[in-house]
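Please read the structure below before turning to the comments.
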Amino acid sequence: TIQHAVNMANDGDSVIVNEGIYYEGIDLGNRTLTIGSLFMIDEIDDSVIENTIIDGGGSYTVFSMDGTQIELIGLTMQNGYNDGWGGAISSGSYSNLTIRNSIIKNSHSDNGGGGINSNNSHLTLIDVDLIGNSAGVAGAINAGSNDSTFTANISITRCLFSSNQATDGTIGGAQLGYGSSVVEVLNSEFIDNHATGHGGLLVRNDFIIDSCLFV
């Protein structure tokens, strides 16, 4: 399993995941790791991303982390579930999470952040598609800091937010920058996200939004 590889790895290692479907929820604890598909080796072949799937089976958060330094590359993360916060990914306790060239889809959390919940942590997304995720609020991403002594840096670049939904009404796509946070959203698309208010994106703090599409 991927969890076994993570447990055996040393901080600073890279864990390479072969193509296939992995049904598991992975606890990263407070590790410093890079986890990715063979896309890390051959970035020309995008099909590797769609064919390297970590599936929560509608029962587990795909990745959980606290106080980690994690980079996720070239993965599809799907069908995650959390009855609290963070359906596919739950990042907290001053983690630093980077995700690039990945897909996060069809995941749900009862409270917020169906795709990703990032609290009191830094979050960087580059070339990530968030599709068909749902939560009570912030269907795709809920990110910020409720610690006044910690400023969360949140950076979103060339990402797609599509068909994400807030089941309790507000913020269909993403809530970024609650509390003490700095937000940058660049060259990203927000398409067909649904909520009674703030359908695509709600940004609550210092922010830059440039060259984005909202439909």
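By order in the structure tokens, chains are A, B, ...; within a chain, residues start at 1; ligands start at 1, following the order shown.
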Proximity of stretch 73-190 of chain A to stretch 29-39 of chain A: per-residue shortest pair, 10 Å limit, only C-alpha atoms, as JSON lines:
```
{"residue": "A:Ile73", "atom": "CA", "partner": "A:Gly36", "partner_atom": "CA", "distance": 4.4}
{"residue": "A:Gly74", "atom": "CA", "partner": "A:Ser37", "partner_atom": "CA", "distance": 5.3}
{"residue": "A:Leu75", "atom": "CA", "partner": "A:Ser37", "partner_atom": "CA", "distance": 6.0}
{"residue": "A:Thr76", "atom": "CA", "partner": "A:Ser37", "partner_atom": "CA", "distance": 9.3}
{"residue": "A:Ser91", "atom": "CA", "partner": "A:Gly29", "partner_atom": "CA", "distance": 10.0}
{"residue": "A:Gly92", "atom": "CA", "partner": "A:Asn30", "partner_atom": "CA", "distance": 9.9}
{"residue": "A:Ser93", "atom": "CA", "partner": "A:Asn30", "partner_atom": "CA", "distance": 9.0}
{"residue": "A:Tyr94", "atom": "CA", "partner": "A:Asn30", "partner_atom": "CA", "distance": 9.7}
{"residue": "A:Ser95", "atom": "CA", "partner": "A:Asn30", "partner_atom": "CA", "distance": 8.0}
{"residue": "A:Asn96", "atom": "CA", "partner": "A:Thr32", "partner_atom": "CA", "distance": 9.3}
{"residue": "A:Leu97", "atom": "CA", "partner": "A:Thr32", "partner_atom": "CA", "distance": 10.0}
{"residue": "A:Thr98", "atom": "CA", "partner": "A:Thr34", "partner_atom": "CA", "distance": 9.3}
{"residue": "A:Ile99", "atom": "CA", "partner": "A:Gly36", "partner_atom": "CA", "distance": 9.6}
{"residue": "A:Arg100", "atom": "CA", "partner": "A:Gly36", "partner_atom": "CA", "distance": 9.5}
{"residue": "A:Asn101", "atom": "CA", "partner": "A:Phe39", "partner_atom": "CA", "distance": 8.6}
{"residue": "A:Ser102", "atom": "CA", "partner": "A:Gly36", "partner_atom": "CA", "distance": 9.3}
```
What does the file look like for those residues with C-alpha atoms, as a PDB file, in the first residue's frame?
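Written output follows (selection.pdb):
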```pdb
ATOM      1  CA  ILE A  73       2.492  15.369  -7.968  1.00  0.00           C
ATOM      2  CA  GLY A  74       0.605  13.761 -10.834  1.00  0.00           C
ATOM      3  CA  LEU A  75      -2.145  12.000  -8.887  1.00  0.00           C
ATOM      4  CA  THR A  76      -5.898  11.587  -9.116  1.00  0.00           C
ATOM      5  CA  SER A  91      -4.197  19.637   6.084  1.00  0.00           C
ATOM      6  CA  GLY A  92      -3.662  21.210   9.486  1.00  0.00           C
ATOM      7  CA  SER A  93      -1.316  22.054  12.338  1.00  0.00           C
ATOM      8  CA  TYR A  94       1.000  24.334  10.371  1.00  0.00           C
ATOM      9  CA  SER A  95       1.584  22.082   7.385  1.00  0.00           C
ATOM     10  CA  ASN A  96       3.040  23.203   4.074  1.00  0.00           C
ATOM     11  CA  LEU A  97       1.238  21.437   1.229  1.00  0.00           C
ATOM     12  CA  THR A  98       2.003  21.758  -2.486  1.00  0.00           C
ATOM     13  CA  ILE A  99      -0.070  19.945  -5.117  1.00  0.00           C
ATOM     14  CA  ARG A 100       0.666  20.103  -8.814  1.00  0.00           C
ATOM     15  CA  ASN A 101      -0.527  18.448 -12.012  1.00  0.00           C
ATOM     16  CA  SER A 102      -3.253  16.547 -10.194  1.00  0.00           C
TER      17      SER A 102
END
```
Which of stretch 156-193 of chain A counts as strand (DSSP E or B) under DSSP, as an MDAnalysis selection string please? chainID A and resid 156:157 160:162 165:166 170 174:179 181:186 189:191
Could you list, as a PyMOL selection string, every residue within 12 Å of A:Val128, counting only C-alpha atoms and ignoring same-chain residues fewer than 3 positions away? chain A and resi 49+72-77+98-105+115-116+124-125+131+140-141+155-162+187-189
Would you please work out which residue, of A:Ile154, A:Ala138, A:Ala143, A:Ile53, is nearest to A:Thr196 when using only C-alpha atoms?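 Looking only at the distances to A:Thr196, the closest residue turns out to be A:Ala138.
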Using only C-alpha atoms, which protein or nucleic acid residues come within 12 Å of A:Gly114? Drop anything in the same chain fewer than 4 positions from it, and give the result as a PyMOL selection string. chain A and resi 58+61-62+77-90+104-110+118+130-143+163-167+171-175
Hey, what's within 8 Å of stretch 202-207 of chain A if we count only C-alpha atoms and toss same-chain stuff fewer than 6 positions away? As a PyMOL selection string, please? chain A and resi 171+174-185
Could you give me the residues within stretch 9-163 of chain A that DSSP places in helix (DSSP H, G or I), as a count of residues only? 7
